[in-house]
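The structure appears right after this line, and notes come after that.
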Amino acid sequence: MRVEIWSDIVCPFCYIGKRRYEEALAQLGYRDEVETVYRSFELDPNAPVSSNRDLHDSLAAKFGISREQAKSMNDNVSDQARSVGLTYNLDEAKPTNTFDAHRLTHLAATHGKMVEMTERLFKAYFTEGKHIGDRQVLAELAAEVGLDPAEVSEALSGASYSDEVRADEREAAQLGVRGVPFFVINRKYAVSGAQPTEVFIRALEKARSEEQPPITVIGDDTDADAACTDGTCKPAAKP
């Protein structure tokens with residue numbers, strides 16, 4: 001089974017949805033049968049790399065609300081994160097452009113580290129207040145998951161993996177993805193948003209059931225003398 005997840009590193013519901021999806025896999029018990037691929041999606045491609053505003057002021061400006069209202073909204077999201085075992089320190093979060101972070105996840109994919117890199121970026125942004133738009137910070141985070149920081153710095157200093165990010169975003173548009181997280185299972189089923197774990201379980205079970213080939217019965221299944229039914233076994237007749 002293949003699950004593709006369109007998400008953005010600075011999307012609070014993407015991290016929450018990630019945890020609920022992972023909990024569904026843990027409950028189902030066949031995590032090793034599922035290939036998880038993260039796809040790039042920028043909520044604000046024009047966001048500056050550095051900003052004088054904190055997350056509360058940025059949210060207030062975006063929606064035309066007061067800082068107090070924005071902080072209340074962020075506090076509510078933090079409560080939801082806490083319900084799935086995540087700690088959000090949104091007072092310390094540093095709004096930034098995520099293009100380089102997405103490029104880094106694609107580089108990590110070439111080393112089989114995309115899932116680990118994505119998790120590390122989420123934690124760095126939401127829990128640790130790290131500046132994930134800073135290329136030096138990205139190189140340091142990459143080293144923590146086993147990547148060569150020199151390779152990362154070289155890649156991010158140029159245009160490496162830009163095409164991969166843009167390809168993901170074009171595909172999201174073709175699929176009609178308007179918000180993230182967006183989970184696509186076997187290119188047949190989709191789960192939009194950080195849905196409850198039970199929703200992911202149902203979707204995964206549905207997709208998996210369709211992967212199992214139907215059983216073809218060979219022989220006459222009406223021969224009652226050759227089978228036990230209803231708790232009884234009729235002795236076979238003597239030849």
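Residue numbering restarts at 1 for every chain of the structure tokens, chains are lettered A, B, ... in their displayed order, and ligands are numbered from 1 as they appear.
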Quick one: residues within 8 Å of Leu107 of chain A, only C-alpha atoms counted, chain neighbours fewer than 4 positions away excluded, as an mmCIF file with all heavy atoms, in the first residue's frame?
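Written file, selection_25.cif:
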```
data_model
loop_
_atom_site.group_PDB
_atom_site.id
_atom_site.type_symbol
_atom_site.label_atom_id
_atom_site.label_comp_id
_atom_site.auth_asym_id
_atom_site.auth_seq_id
_atom_site.Cartn_x
_atom_site.Cartn_y
_atom_site.Cartn_z
ATOM 1 N N ARG A 103 12.731 21.275 -0.238
ATOM 2 C CA ARG A 103 13.830 20.748 -1.052
ATOM 3 C C ARG A 103 14.660 19.761 -0.245
ATOM 4 O O ARG A 103 15.093 18.719 -0.764
ATOM 5 C CB ARG A 103 14.714 21.896 -1.551
ATOM 6 C CG ARG A 103 14.068 22.769 -2.610
ATOM 7 C CD ARG A 103 15.123 23.482 -3.429
ATOM 8 N NE ARG A 103 15.848 24.488 -2.662
ATOM 9 C CZ ARG A 103 17.136 24.788 -2.852
ATOM 10 N NH1 ARG A 103 17.857 24.128 -3.750
ATOM 11 N NH2 ARG A 103 17.703 25.738 -2.133
ATOM 12 N N HIS A 111 18.234 9.384 0.112
ATOM 13 C CA HIS A 111 18.983 8.580 1.083
ATOM 14 C C HIS A 111 18.052 7.720 1.941
ATOM 15 O O HIS A 111 18.488 7.159 2.959
ATOM 16 C CB HIS A 111 19.817 9.489 1.982
ATOM 17 C CG HIS A 111 20.876 10.272 1.280
ATOM 18 N ND1 HIS A 111 22.084 9.728 0.912
ATOM 19 C CD2 HIS A 111 20.885 11.568 0.837
ATOM 20 C CE1 HIS A 111 22.821 10.649 0.299
ATOM 21 N NE2 HIS A 111 22.111 11.773 0.240
ATOM 22 N N MET A 114 13.364 10.423 4.044
ATOM 23 C CA MET A 114 12.334 11.458 3.921
ATOM 24 C C MET A 114 11.418 11.513 5.139
ATOM 25 O O MET A 114 11.105 12.600 5.641
ATOM 26 C CB MET A 114 11.503 11.242 2.660
ATOM 27 C CG MET A 114 10.360 12.237 2.502
ATOM 28 S SD MET A 114 9.409 12.043 0.976
ATOM 29 C CE MET A 114 10.108 13.361 -0.009
ATOM 30 N N VAL A 152 24.114 18.797 2.035
ATOM 31 C CA VAL A 152 22.893 19.590 2.184
ATOM 32 C C VAL A 152 23.164 21.055 1.868
ATOM 33 O O VAL A 152 22.416 21.695 1.118
ATOM 34 C CB VAL A 152 22.322 19.445 3.612
ATOM 35 C CG1 VAL A 152 21.179 20.428 3.833
ATOM 36 C CG2 VAL A 152 21.848 18.020 3.849
ATOM 37 N N TYR A 161 16.659 20.039 -6.394
ATOM 38 C CA TYR A 161 15.366 19.553 -5.896
ATOM 39 C C TYR A 161 14.238 20.576 -5.991
ATOM 40 O O TYR A 161 13.137 20.330 -5.499
ATOM 41 C CB TYR A 161 15.500 19.010 -4.465
ATOM 42 C CG TYR A 161 16.548 17.946 -4.365
ATOM 43 C CD1 TYR A 161 17.821 18.234 -3.871
ATOM 44 C CD2 TYR A 161 16.290 16.648 -4.809
ATOM 45 C CE1 TYR A 161 18.810 17.259 -3.819
ATOM 46 C CE2 TYR A 161 17.276 15.673 -4.769
ATOM 47 C CZ TYR A 161 18.532 15.984 -4.274
ATOM 48 O OH TYR A 161 19.510 15.019 -4.239
#
```
task = Compile the contact shell of segment 182-184 of chain A as a VMD selection string: residues with an atom at most 8 Å away, counting only C-alpha atoms, same-chain residues fewer than 2 positions apart removed.
result = chain A and resid 3 to 7 177 179 to 180 186 to 193
Those same residues, written as a PDB file, in the first residue's frame with C-alpha atoms?
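New file again_13.pdb:
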```pdb
ATOM      1  CA  VAL A   3       0.157   6.617   1.074  1.00  0.00           C
ATOM      2  CA  GLU A   4       1.147  10.037  -0.261  1.00  0.00           C
ATOM      3  CA  ILE A   5       0.805  12.983   2.101  1.00  0.00           C
ATOM      4  CA  TRP A   6       0.705  16.551   0.836  1.00  0.00           C
ATOM      5  CA  SER A   7       1.681  18.842   3.699  1.00  0.00           C
ATOM      6  CA  VAL A 177      -5.894  19.763  -3.301  1.00  0.00           C
ATOM      7  CA  GLY A 179      -5.687  22.511   1.803  1.00  0.00           C
ATOM      8  CA  VAL A 180      -3.362  20.289   3.761  1.00  0.00           C
ATOM      9  CA  ASN A 186      -3.174   3.905  -3.521  1.00  0.00           C
ATOM     10  CA  ARG A 187      -4.248   6.782  -5.767  1.00  0.00           C
ATOM     11  CA  LYS A 188      -7.822   5.728  -5.088  1.00  0.00           C
ATOM     12  CA  TYR A 189      -8.907   7.042  -1.692  1.00  0.00           C
ATOM     13  CA  ALA A 190      -8.211  10.378  -0.034  1.00  0.00           C
ATOM     14  CA  VAL A 191      -8.457  11.735   3.485  1.00  0.00           C
ATOM     15  CA  SER A 192      -8.566  15.517   3.718  1.00  0.00           C
ATOM     16  CA  GLY A 193      -7.459  17.216   6.919  1.00  0.00           C
TER      17      GLY A 193
END
```
ask   = Neighbours of Ser50 of chain A within 8 Å (only C-alpha atoms; same-chain residues fewer than 2 positions away dropped), as an MDAnalysis selection string?
value = chainID A and resid 48 52 95:97 133
Go ahead and write the residues just picked, all heavy atoms, as a short mmCIF file (atom, residue, chain, number, x, y, z; two decimals), in the first residue's frame.
```
data_model
loop_
_atom_site.label_atom_id
_atom_site.label_comp_id
_atom_site.auth_asym_id
_atom_site.auth_seq_id
_atom_site.Cartn_x
_atom_site.Cartn_y
_atom_site.Cartn_z
N PRO A 48 8.18 35.54 3.31
CA PRO A 48 9.61 35.87 3.42
C PRO A 48 10.35 34.83 4.25
O PRO A 48 9.74 34.15 5.09
CB PRO A 48 9.60 37.23 4.13
CG PRO A 48 8.34 37.20 4.95
CD PRO A 48 7.33 36.45 4.11
N ASN A 52 9.75 40.05 10.94
CA ASN A 52 9.77 40.70 12.25
C ASN A 52 8.56 40.32 13.09
O ASN A 52 8.51 40.60 14.28
CB ASN A 52 9.82 42.22 12.09
CG ASN A 52 11.13 42.68 11.47
OD1 ASN A 52 12.18 42.10 11.74
ND2 ASN A 52 11.07 43.73 10.66
N PRO A 95 7.83 32.25 11.83
CA PRO A 95 7.25 32.17 10.49
C PRO A 95 8.33 32.33 9.43
O PRO A 95 9.24 33.16 9.57
CB PRO A 95 6.27 33.35 10.46
CG PRO A 95 5.95 33.61 11.90
CD PRO A 95 7.21 33.31 12.65
N THR A 96 8.24 31.55 8.37
CA THR A 96 9.29 31.59 7.34
C THR A 96 8.77 30.99 6.05
O THR A 96 7.66 30.46 5.99
CB THR A 96 10.54 30.83 7.82
OG1 THR A 96 11.61 31.01 6.88
CG2 THR A 96 10.26 29.34 7.95
N ASN A 97 9.58 31.07 5.02
CA ASN A 97 9.31 30.42 3.74
C ASN A 97 9.80 28.97 3.84
O ASN A 97 10.90 28.72 4.35
CB ASN A 97 10.03 31.17 2.62
CG ASN A 97 9.66 30.67 1.26
OD1 ASN A 97 10.03 29.57 0.87
ND2 ASN A 97 8.94 31.48 0.50
N GLY A 133 13.80 28.18 7.93
CA GLY A 133 14.10 28.81 6.65
C GLY A 133 15.58 29.13 6.51
O GLY A 133 16.06 29.47 5.42
#
```
request  = Would you return as a ChimeraX atom specification the members of segment 2-220 of chain A that DSSP assigns to helix (DSSP H, G or I) on this structure's backbone?
outcome  = /A:12-28,31-33,55-63,67-83,99-109,114-126,135-144,149-157,162-175,197-211
request  = Within segment 71-209 of chain A, find each residue whose DSSP state, derived from the backbone, is strand (DSSP E or B), and express the selection as a list in words.
outcome  =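 Written out, the strand (DSSP E or B) residues of segment 71-209 of chain A are Phe182, Phe183, Val184, Ile185, Tyr189, Ala190, Val191 and Ser192 of chain A.
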query = Could you pull the residues within 9 Å of Gln195 of chain A, counting only C-alpha atoms, minus those fewer than 3 positions along the same chain, as a PyMOL selection string?
reply = chain A and resi 17+20-21+191-192+198-200
Kindly export the residues of the current selection with all heavy atoms, as a compact mmCIF listing (two decimals), in the first residue's frame.
```
# COMPACT_ATOMS: atom_id res chain seq x y z
N GLY A 17 -2.21 15.70 11.98
CA GLY A 17 -2.69 14.65 11.09
C GLY A 17 -1.69 13.54 10.91
O GLY A 17 -2.05 12.35 10.82
N ARG A 20 -2.02 11.24 13.89
CA ARG A 20 -3.23 10.41 13.85
C ARG A 20 -3.11 9.31 12.80
O ARG A 20 -3.56 8.18 13.03
CB ARG A 20 -4.44 11.30 13.59
CG ARG A 20 -4.78 12.20 14.77
CD ARG A 20 -5.90 13.18 14.47
NE ARG A 20 -6.24 13.96 15.66
CZ ARG A 20 -6.99 15.04 15.65
NH1 ARG A 20 -7.50 15.48 14.50
NH2 ARG A 20 -7.26 15.69 16.77
N TYR A 21 -2.51 9.63 11.68
CA TYR A 21 -2.25 8.62 10.64
C TYR A 21 -1.32 7.54 11.18
O TYR A 21 -1.56 6.34 11.00
CB TYR A 21 -1.65 9.31 9.42
CG TYR A 21 -0.94 8.40 8.45
CD1 TYR A 21 -1.65 7.49 7.67
CD2 TYR A 21 0.44 8.46 8.32
CE1 TYR A 21 -0.98 6.66 6.78
CE2 TYR A 21 1.11 7.64 7.43
CZ TYR A 21 0.40 6.74 6.67
OH TYR A 21 1.06 5.91 5.79
N VAL A 191 -8.00 11.21 2.20
CA VAL A 191 -8.46 11.73 3.49
C VAL A 191 -7.97 13.18 3.55
O VAL A 191 -6.78 13.45 3.46
CB VAL A 191 -7.89 10.93 4.67
CG1 VAL A 191 -8.29 11.58 6.00
CG2 VAL A 191 -8.36 9.48 4.61
N SER A 192 -8.90 14.10 3.68
CA SER A 192 -8.57 15.52 3.72
C SER A 192 -8.61 16.04 5.14
O SER A 192 -9.60 15.89 5.84
CB SER A 192 -9.55 16.31 2.84
OG SER A 192 -9.24 17.68 2.86
N GLU A 198 -9.83 7.11 13.69
CA GLU A 198 -10.78 6.12 13.18
C GLU A 198 -11.03 6.28 11.69
O GLU A 198 -11.26 5.29 10.97
CB GLU A 198 -12.11 6.21 13.94
CG GLU A 198 -12.03 5.82 15.42
CD GLU A 198 -11.33 6.86 16.27
OE1 GLU A 198 -11.21 8.03 15.82
OE2 GLU A 198 -10.89 6.52 17.39
N VAL A 199 -10.99 7.52 11.21
CA VAL A 199 -11.19 7.76 9.78
C VAL A 199 -10.03 7.18 8.98
O VAL A 199 -10.23 6.55 7.93
CB VAL A 199 -11.34 9.27 9.50
CG1 VAL A 199 -11.40 9.54 7.99
CG2 VAL A 199 -12.57 9.82 10.19
N PHE A 200 -8.82 7.37 9.47
CA PHE A 200 -7.66 6.80 8.78
C PHE A 200 -7.72 5.27 8.80
O PHE A 200 -7.39 4.61 7.80
CB PHE A 200 -6.36 7.27 9.45
CG PHE A 200 -6.04 8.71 9.19
CD1 PHE A 200 -6.17 9.65 10.18
CD2 PHE A 200 -5.60 9.12 7.93
CE1 PHE A 200 -5.87 10.99 9.94
CE2 PHE A 200 -5.30 10.45 7.69
CZ PHE A 200 -5.44 11.39 8.69
```
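Considering only C-alpha atoms, the residue among A:Arg31, A:Asp8, A:Thr110, A:Gln174 positioned nearest to Ile201 of chain A is A:Arg31.
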remark   = Shortest contact to Glu22 of chain A, candidates A:Gln212, A:Ser72, A:Ser40, A:Thr197, atoms counted only C-alpha atoms, goes to A:Thr197
Polymer residues at most 10 Å from Ile132 of chain A, only C-alpha atoms, same-chain spacing of 3 or more positions, as a ChimeraX atom specification = /A:9-10,49,93-101,121-122,124-125,129,135-139,141
remark   = The residue from A:Asn46, A:Thr127, A:Ser66, A:Ser209 with the smallest atom-to-atom distance to Leu90 of chain A, counting only C-alpha atoms, is A:Thr127
